[in-house]
Every structure is written in C-alpha cells, then in structure tokens.
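**Student:** As input, take structure_11.cif (mmCIF, C-alpha atoms):
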```cif
data_start
#
loop_
_atom_site.label_atom_id
_atom_site.label_comp_id
_atom_site.auth_asym_id
_atom_site.auth_seq_id
_atom_site.Cartn_x
_atom_site.Cartn_y
_atom_site.Cartn_z
CA MET U 1 -21.22 -2.77 -24.29
CA ILE U 2 -20.20 -4.27 -20.92
CA GLU U 3 -22.76 -3.88 -18.19
CA LYS U 4 -21.43 -2.92 -14.78
CA GLU U 5 -22.79 -4.98 -11.97
CA MET U 6 -23.04 -3.61 -8.43
CA ARG U 7 -22.32 -6.44 -6.02
CA VAL U 8 -22.57 -4.47 -2.77
CA ARG U 9 -24.88 -1.57 -2.06
CA PRO U 10 -23.49 1.92 -1.34
CA ILE U 11 -23.14 3.05 2.27
CA LYS U 12 -24.37 6.35 3.69
CA HIS U 13 -21.59 6.90 6.25
CA GLY U 14 -18.48 4.87 6.95
CA THR U 15 -15.31 3.54 5.39
CA VAL U 16 -14.58 1.54 2.26
CA ILE U 17 -11.23 -0.23 2.16
CA ASP U 18 -10.51 -1.02 -1.49
CA HIS U 19 -7.61 -2.67 -3.33
CA ILE U 20 -6.94 -5.07 -0.45
CA THR U 21 -4.55 -7.84 -1.46
CA ALA U 22 -6.75 -10.78 -2.54
CA GLY U 23 -7.37 -13.15 0.35
CA GLN U 24 -6.65 -10.60 3.09
CA ALA U 25 -10.18 -9.27 3.76
CA LEU U 26 -10.72 -11.54 6.77
CA ASN U 27 -7.40 -10.38 8.24
CA VAL U 28 -8.53 -6.77 7.73
CA LEU U 29 -11.70 -7.59 9.70
CA ARG U 30 -9.51 -9.08 12.45
CA ILE U 31 -7.40 -5.89 12.56
CA LEU U 32 -10.61 -3.87 12.92
CA GLY U 33 -11.81 -6.13 15.73
CA ILE U 34 -14.82 -7.25 13.70
CA SER U 35 -16.02 -10.78 14.34
CA GLY U 36 -19.17 -12.73 13.59
CA THR U 37 -20.82 -11.29 16.69
CA THR U 38 -20.51 -7.65 15.63
CA ARG U 39 -23.55 -5.44 15.39
CA ALA U 40 -21.86 -3.29 12.73
CA VAL U 41 -23.05 -3.47 9.13
CA VAL U 42 -20.09 -4.90 7.22
CA SER U 43 -19.81 -5.91 3.56
CA VAL U 44 -16.94 -8.08 2.34
CA ALA U 45 -16.15 -8.87 -1.28
CA MET U 46 -13.31 -11.29 -1.95
CA ASN U 47 -11.43 -12.08 -5.14
CA VAL U 48 -13.15 -9.33 -7.13
CA PRO U 49 -11.64 -8.79 -10.60
CA SER U 50 -9.27 -5.79 -10.67
CA GLY U 51 -7.56 -4.23 -13.66
CA VAL U 52 -4.61 -3.19 -11.49
CA LEU U 53 -4.18 -6.13 -9.09
CA GLY U 54 -5.75 -8.99 -11.07
CA SER U 55 -8.05 -9.66 -8.15
CA LYS U 56 -8.69 -7.81 -4.91
CA ASP U 57 -10.79 -7.77 -1.76
CA ILE U 58 -13.03 -4.95 -0.57
CA VAL U 59 -14.35 -4.24 2.95
CA LYS U 60 -17.12 -1.73 3.71
CA VAL U 61 -17.86 -0.78 7.30
CA GLU U 62 -20.86 1.44 7.95
CA ASP U 63 -20.81 4.22 10.55
CA ARG U 64 -17.09 3.89 11.29
CA GLU U 65 -13.94 5.76 10.33
CA LEU U 66 -10.61 4.06 10.89
CA LYS U 67 -8.01 5.02 13.45
CA GLU U 68 -4.47 5.75 12.26
CA GLU U 69 -3.08 2.63 13.96
CA GLU U 70 -5.67 0.47 12.17
CA VAL U 71 -4.64 1.96 8.82
CA ASP U 72 -0.96 1.29 9.66
CA ARG U 73 -1.73 -2.36 10.44
CA ILE U 74 -3.74 -2.74 7.24
CA SER U 75 -0.81 -1.33 5.25
CA LEU U 76 1.34 -4.28 6.39
CA ILE U 77 -0.93 -6.88 4.78
CA ALA U 78 -2.43 -4.76 1.98
CA PRO U 79 0.20 -2.19 0.90
CA ASP U 80 -1.86 -1.14 -2.17
CA ALA U 81 -5.09 -0.54 -0.24
CA THR U 82 -7.05 2.68 -0.54
CA ILE U 83 -9.23 4.10 2.21
CA ASN U 84 -12.42 5.94 1.23
CA ILE U 85 -14.26 7.95 3.86
CA ILE U 86 -17.97 8.16 3.00
CA ARG U 87 -20.44 10.75 4.29
CA ASP U 88 -23.96 11.14 2.89
CA PHE U 89 -23.18 8.56 0.18
CA GLU U 90 -20.26 10.71 -1.11
CA VAL U 91 -16.52 10.02 -0.94
CA ILE U 92 -15.26 12.98 1.05
CA GLU U 93 -11.69 11.70 1.42
CA LYS U 94 -9.67 9.07 -0.39
CA PHE U 95 -6.09 8.08 0.32
CA ARG U 96 -3.65 5.21 -0.11
CA VAL U 97 -2.28 3.46 2.92
CA ASP U 98 1.33 4.36 3.61
CA LEU U 99 3.74 1.81 4.97
CA PRO U 100 5.65 3.32 7.87
CA GLU U 101 9.45 2.95 7.88
CA HIS U 102 9.35 1.47 11.39
CA ILE U 103 6.65 -0.17 13.48
CA GLU U 104 6.56 -0.65 17.20
CA GLY U 105 4.35 -2.91 19.31
CA VAL U 106 2.30 -4.07 16.32
CA VAL U 107 3.91 -7.36 15.28
CA LYS U 108 5.41 -10.15 17.37
CA CYS U 109 8.81 -11.40 16.23
CA SER U 110 8.57 -14.97 14.99
CA ASN U 111 12.03 -15.82 16.37
CA PRO U 112 11.32 -17.51 19.72
CA ASN U 113 14.84 -16.60 20.93
CA CYS U 114 14.39 -12.87 20.26
CA ILE U 115 14.69 -10.69 23.37
CA SER U 116 11.21 -9.32 22.59
CA ASN U 117 9.82 -12.84 23.26
CA THR U 118 11.69 -13.65 26.48
CA GLY U 119 9.57 -11.80 29.01
CA GLU U 120 11.94 -8.82 29.17
CA PRO U 121 10.23 -5.42 29.28
CA VAL U 122 10.95 -4.80 25.58
CA ILE U 123 8.50 -3.61 22.92
CA SER U 124 8.78 -5.31 19.53
CA ARG U 125 10.28 -3.06 16.86
CA PHE U 126 10.71 -3.67 13.15
CA ALA U 127 12.20 -1.85 10.20
CA VAL U 128 9.82 -2.06 7.23
CA ASN U 129 10.90 -2.79 3.66
CA ARG U 130 8.25 -1.73 1.13
CA LYS U 131 8.69 -3.88 -2.02
CA PRO U 132 8.13 -6.66 -1.19
CA VAL U 133 6.81 -6.02 2.31
CA GLU U 134 9.33 -7.40 4.79
CA LEU U 135 9.71 -6.71 8.48
CA ARG U 136 13.21 -6.91 10.01
CA CYS U 137 13.38 -7.17 13.80
CA ILE U 138 15.73 -4.50 15.14
CA TYR U 139 16.81 -6.79 18.00
CA CYS U 140 17.61 -10.09 16.27
CA ASP U 141 17.52 -9.21 12.52
CA HIS U 142 14.91 -11.93 11.90
CA VAL U 143 12.85 -11.18 8.77
CA ILE U 144 9.11 -11.76 8.44
CA SER U 145 8.06 -11.68 4.80
CA GLU U 146 5.10 -14.06 4.65
CA GLY U 147 2.17 -14.55 6.98
CA ILE U 148 2.54 -11.11 8.54
CA ALA U 149 -1.12 -11.15 9.57
CA GLU U 150 -0.48 -14.16 11.85
CA HIS U 151 2.11 -12.15 13.78
CA LEU U 152 0.00 -9.05 14.42
CA ILE U 153 -0.39 -8.35 18.12
#
```
Will you turn the file into structure tokens for me?
**Tutor:**
Amino acid sequence: MIEKEMRVRPIKHGTVIDHITAGQALNVLRILGISGTTRAVVSVAMNVPSGVLGSKDIVKVEDRELKEEEVDRISLIAPDATINIIRDFEVIEKFRVDLPEHIEGVVKCSNPNCISNTGEPVISRFAVNRKPVELRCIYCDHVISEGIAEHLI
C-alpha cells in the first residue's frame, strides 16, 4: 500500500491553484502581486509528481479569491490549471482556467517595431491559439510562443 504524504497543510479560506505548468509557480505569484514582502499566507509546491502532467506546481493563497483578470493571466502560462475556492476547509467551487480567444492590455508585444510599442495611444491586442499556447499580435502578426510570462504587463 502506498502512503499518501501531505506536503502542505489545508487552508480554511482562500484559493488553491493546482495543475500549474511545472516551473511557473513563481510567475503565478508575480501575476497575483505576491512578493517576499507580502503579509499573506502563501504555500508554494514546485515540481510535484502528477499523474496527468508528469510534474506540476501548486499555489495556495489564504484569505483571497482571485479576480477574473488574474485567472485570465494565469491561463496564459498554465493552460491546464484548476482553481479551487476554499471556504471552511471545503472546496466550494472548482473550475479549469479558460484561455480567452483574444486578450487586450495584458501582454506587451515582443516586436520592438510594433505600433503598440512606439508610444502611440494603442492598447496591445493578441489572438490566442490554445494548443500550444501562442499569442499573435493583431497589429504586426508577431507570435509569442515561449516566455509569455516575461511579456505580461
């Protein structure tokens, strides 16, 4: 018989972000505005074995539920992530992130010659491809497929 080992204690209220692409937990914290100086109780598990993904990251944030725009940003770097809303130690809601078809004002185009990077009053806009995750700038057609987290605004 295999013994299950609990690596992180349960939370009373808050959010658990599970099935994060391995290695992306610190980027998820950045999206949530959580740094080393936070007063929030945060648990991070990285490279945890996963039957589905091989390995995954997990982030638990106590006493906080995510905003829709935070979930949309997370979906760009962890398209298989699940969000669990916890109240009184119980999962009251669980859902998968959903990649939007288009994003606006979330990612900076990596093409320095793009009109969205020239100081013009233009908001960055991308069409989103789901498998694999790719962002195509609607202005210059430049594609961002790797390092999306580095381009988040």
**Student:** Show me, as JSON lines, the residues of segment 32-87 of chain U having an atom within 10 Å of segment 126-136 of chain U, each with the closest atom pair and its distance in Å, using all atoms listed in the file.
**Tutor:**
```
{"residue": "U:Ser75", "atom": "CA", "partner": "U:Val133", "partner_atom": "CA", "distance": 9.4}
{"residue": "U:Leu76", "atom": "CA", "partner": "U:Val133", "partner_atom": "CA", "distance": 7.0}
{"residue": "U:Ile77", "atom": "CA", "partner": "U:Val133", "partner_atom": "CA", "distance": 8.2}
{"residue": "U:Ala78", "atom": "CA", "partner": "U:Val133", "partner_atom": "CA", "distance": 9.3}
{"residue": "U:Pro79", "atom": "CA", "partner": "U:Val133", "partner_atom": "CA", "distance": 7.8}
```
**Student:** Running the PyMOL selection byres ((chain U and resi 14) around 12) on this model by hand, what would come out? Give it as a count of residues only.
**Tutor:** 30
**Student:** Quote the spacing between atom CA of Glu146 of chain U and atom CA of Val106 of chain U in Å to one decimal place.
**Tutor:**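 Spanning atom CA of Glu146 of chain U to atom CA of Val106 of chain U is a straight-line distance of 15.6 Å.
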**Student:** Could you tell me which residues the PyMOL selection byres ((chain U and resi 18-35) around 6) grabs in this file, written as number ranges by chain?
**Tutor:** U: 17, 36-38, 47, 55-58, 78, 81-82
**Student:** Just the number, please: distance in Å from atom CA of Pro121 of chain U to atom CA of Cys109 of chain U, one decimal.
**Tutor:**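 Result for atom CA of Pro121 of chain U versus atom CA of Cys109 of chain U: 14.4 Å, one decimal.
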**Student:** For Cys137 of chain U, which residue among U:Glu69, U:Val107, U:Ile153, U:Glu120 is the nearest when counting all atoms listed in the file?
**Tutor:** U:Val107
**Student:** For the atom pair atom CA of Glu70 of chain U and atom CA of Leu152 of chain U, what is the interatomic distance in Å to one decimal place?
**Tutor:**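 Those two atoms sit 11.3 Å apart.
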**Student:** My list of candidates is U:Asp80, U:Val44, U:Cys140, U:Arg73. Which is closest to Gly105 of chain U when distances are computed with all atoms listed in the file?
**Tutor:** U:Arg73
**Student:** Let me know the centre plus edge lengths, in Å and rounded to one decimal, of a box with edges along x, y and z that contains all listed atoms of segment 9-13 of chain U and is padded by 3 Å on every side, as AutoDock Vina command-line options.
**Tutor:**
```
--center_x -23.2 --center_y 2.7 --center_z 2.1 --size_x 9.3 --size_y 14.5 --size_z 14.3
```
**Student:** Taking all atoms listed in the file into account, which of U:Ile115, U:Asp72, U:Val122, U:Lys67 comes nearest Glu101 of chain U?
**Tutor:**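 Among the listed residues, U:Asp72 lies closest to Glu101 of chain U.
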**Student:** For Leu99 of chain U, which residue out of U:Leu53, U:Met46, U:Ile74, U:Ala149 is the nearest one, using all atoms listed in the file?
**Tutor:**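 Counting all atoms listed in the file, the residue closest to Leu99 of chain U is U:Ile74.
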